[in-house]
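Asks: The structure that follows is given in the form of structure tokens.
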Amino acid sequence: MLNSRWLETFTTLCETAHFTRTAELLGMTQPGVSQHLRKLEDQVGHPLISRQGKGFSLTPAGEAVLAIGQSRRREEQGLFQSVAHDAPDIGEVSIGCSGSFAMLLYPSLLPLMHSAPGLTVRLEATPRDGIVSGVLDRRYDLGIVGHKPDHPRLEATRLGVEELCLLLPAGEVLGDISLADLDARGFIAHPDGFAYADDLFALNFPDEFRGADRLRVRGFVNQISQIPAPVAHGIGYTLLPRSGFDAYPQRDRLQIVNLPQGRSHELWLISGRGRQLPARIPPVSEIIRHVAERLCLSSADRS
């Protein structure tokens, strides 16, 4: 790696085209400037200037080294500007969360993005393990997960709880629903749906339920926004977190069915432990908290 001090001396020399002026600008002696030049030439292994009387011109190697020196200056200037202008409305914020929570969260982020043209918000729907690993390797500034992660490099703040919902078409009068009733309708499955079924049905149908792999599947959708659509049209049933129901635009065509044993999971906001977060992160964190609070209240209103 090129010596940064020698490189800065050489870059200044190229800009002034004068050894004495370079020494004055850098608070050095003229022999000191010449010494830095010689050391840099030794490091590169090629002469960097060609002397012409009292002046000089750059060799091809000198032109290449000058380009590196100027590039380093620009990078350092950009760094100092970025640090000096740590503002809440400038920069990028990246968030990882479940697909259902992302659908509920994103509309609440739009007013902030509208008021802050210099702010970029990147929201990605991804499985829990991907959220945790993404925060650990800093692909995500923030993550929202359903269980508190047990990792020494993560900070976790509890946001509340979110209920797991059994969804059926609206308007139907239902009595005590059985697993056989649901199986007759058929399951609108999705990537997380089988785990939800194992979680909720094992509690409520302990004698009949033999595992999600034994359920009668009527359809499969991996696009979170479309999972409730078949049910809204009278086809089958599905299982979603409350956020997936609240975010669905035609939720008036759905009903949440109470089972004897309800099931909820916690919501946690995670970030890197010990990391000094930029000023743009807290406003986004506050929006996430507000969305989670509304979600918890809507769940509480039903209980």
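By convention here, the chains of the structure tokens are called A, B, ... in the order presented, each chain's residues are numbered starting at 1, and ligands are numbered starting at 1 in the order presented.
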Can you tell me, as an MDAnalysis selection string, what residues are no more than 12 Å from Leu295 (chain A) when counting only C-alpha atoms, ignoring any on the same chain fewer than 4 positions away?
Replies: chainID A and resid 100:101 104:105 159:164 241:247 264 266:267 288:291 299:302
Asks: Find the residues of region 49-94 of chain A that sit at most 10 Å from region 137-143 of chain A; for each, write down the nearest two atoms and how far apart they are in Å, to one decimal. Count only C-alpha atoms. Sort by chain, then by number going up, and give it as a Markdown table.
Replies:
```
| residue | atom | partner | partner_atom | distance |
| --- | --- | --- | --- | --- |
| A:Glu92 | CA | A:Asp141 | CA | 9.2 |
| A:Val93 | CA | A:Asp141 | CA | 6.3 |
| A:Ser94 | CA | A:Tyr140 | CA | 4.8 |
```
Asks: Could you build a table of the residues in region 203-229 of chain A lying no more than 7 Å from region 175-193 of chain A, giving for each the nearest pair of atoms and their separation in Å rounded to one decimal place, using only C-alpha atoms, ordered by chain and ascending residue number, as JSON lines?
Replies:
```
{"residue": "A:Phe205", "atom": "CA", "partner": "A:Leu179", "partner_atom": "CA", "distance": 6.7}
{"residue": "A:Leu215", "atom": "CA", "partner": "A:Asp183", "partner_atom": "CA", "distance": 6.6}
{"residue": "A:Arg216", "atom": "CA", "partner": "A:Gly186", "partner_atom": "CA", "distance": 5.2}
{"residue": "A:Val217", "atom": "CA", "partner": "A:Phe187", "partner_atom": "CA", "distance": 4.5}
{"residue": "A:Arg218", "atom": "CA", "partner": "A:Gly186", "partner_atom": "CA", "distance": 4.6}
{"residue": "A:Gly219", "atom": "CA", "partner": "A:Ile188", "partner_atom": "CA", "distance": 4.7}
{"residue": "A:Phe220", "atom": "CA", "partner": "A:Ala189", "partner_atom": "CA", "distance": 4.6}
{"residue": "A:Val221", "atom": "CA", "partner": "A:His190", "partner_atom": "CA", "distance": 5.2}
{"residue": "A:Asn222", "atom": "CA", "partner": "A:His190", "partner_atom": "CA", "distance": 5.3}
```
Asks: When DSSP works through the backbone of this structure, what residues of region 64-157 of chain A end up as strand (DSSP E), shown as a ChimeraX atom specification?
Replies: /A:91-97,119-125,142-145,154-157
Asks: Could the residues in this selection be saved with C-alpha atoms as a compact mmCIF listing (two decimals), in the first residue's frame?
Replies:
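Result file is out_24.txt:
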```txt
# COMPACT_ATOMS: atom_id res chain seq x y z
CA GLY A 91 -28.82 8.73 3.58
CA GLU A 92 -30.12 5.17 3.40
CA VAL A 93 -31.97 3.05 5.94
CA SER A 94 -32.35 -0.69 5.31
CA ILE A 95 -34.96 -2.82 7.08
CA GLY A 96 -35.61 -6.56 7.07
CA CYS A 97 -38.91 -8.06 8.27
CA LEU A 119 -33.61 9.75 2.40
CA THR A 120 -33.66 6.29 0.84
CA VAL A 121 -35.59 3.51 2.60
CA ARG A 122 -34.91 -0.08 1.56
CA LEU A 123 -37.49 -2.53 2.94
CA GLU A 124 -37.00 -6.25 2.30
CA ALA A 125 -39.34 -9.11 3.17
CA LEU A 142 -32.93 -2.66 11.55
CA GLY A 143 -34.83 -5.94 11.68
CA ILE A 144 -38.24 -7.00 13.00
CA VAL A 145 -38.45 -10.61 14.18
CA LEU A 154 -27.54 -7.93 18.68
CA GLU A 155 -29.60 -5.36 20.58
CA ALA A 156 -33.31 -6.21 20.87
CA THR A 157 -36.26 -4.04 21.92
```
Asks: Could you check how far CA of Ile227 (chain A) sits from CA of Leu269 (chain A), in Å to one decimal?
Replies: 25.2 Å
Asks: Counting only C-alpha atoms, figure out which residue out of A:Gly69, A:Gly274, A:Gly130, A:Pro111 gets nearest to Asn3 (chain A).
Replies: A:Gly69
Asks: What separation in Å, quoted to one decimal, exists between CA of Ala64 (chain A) and CA of Val44 (chain A)?
Replies: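 A separation of 10.5 Å between them.
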Asks: Using only C-alpha atoms, pick whichever of A:Pro31, A:Pro127, A:Pro228, A:Gly53 has the shortest atom-to-atom distance to Leu254 (chain A).
Replies: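 Closest to Leu254 (chain A), using only C-alpha atoms: A:Pro228.
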Asks: CA of Met1 (chain A) to CA of Ile68 (chain A): how many Å, to one decimal?
Replies: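 CA of Ile68 (chain A) lies at a distance of 11.3 Å from CA of Met1 (chain A).
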Asks: Under the rule that only C-alpha atoms are counted, which of A:Leu200, A:Leu136, A:Met103, A:Leu79 is the nearest residue to Pro249 (chain A)?
Replies: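 Using only C-alpha atoms, Pro249 (chain A) sits closest to A:Met103.
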Asks: Rank nothing, just name the residue among A:Val33, A:Ala292, A:Ala197, A:Leu7 nearest to Ser71 (chain A), using only C-alpha atoms.
Replies: A:Leu7
Asks: Got a sec to tell me which of region 27-247 of chain A DSSP assigns to alpha helix (DSSP H), as a PyMOL selection string?
Replies: chain A and resi 30-44+60-84+99-115+128-136+179-185+193-204+229-232+242-246
Asks: Considering only C-alpha atoms, return as a PyMOL selection string whatever protein or nucleic-acid residues lie within 12 Å of Lys54 (chain A), sequence-local ones (same chain, fewer than 5 positions apart) excluded.
Replies: chain A and resi 17-20
Asks: Calculated over only C-alpha atoms, which of the candidates A:Glu293, A:Gly78, A:Ile287, A:Ser271 has the smallest distance to Val132 (chain A)?
Replies: A:Ser271
Asks: Give me the residues near Ser50 (chain A) as a CSV table (one decimal) with C-alpha atoms, in the first residue's frame, where near means some atom within 12 Å (using only C-alpha atoms) and where sequence neighbours in that chain fewer than 3 positions away do not count.
Replies:
```
chain,number,residue,atom,x,y,z
A,14,CYS,CA,1.8,17.9,-9.1
A,41,GLU,CA,9.5,6.4,-6.4
A,46,HIS,CA,9.6,3.7,-11.3
A,47,PRO,CA,10.5,7.4,-11.7
A,53,GLY,CA,15.3,22.7,-16.1
A,54,LYS,CA,13.5,24.2,-13.1
A,55,GLY,CA,10.3,22.4,-14.0
A,56,PHE,CA,9.2,18.8,-14.5
A,57,SER,CA,6.6,16.7,-16.3
A,58,LEU,CA,5.0,13.5,-15.1
A,59,THR,CA,6.1,10.1,-16.4
A,60,PRO,CA,3.3,7.5,-17.2
A,61,ALA,CA,3.9,6.0,-13.7
A,62,GLY,CA,3.6,9.5,-12.2
A,63,GLU,CA,0.3,10.1,-14.0
```
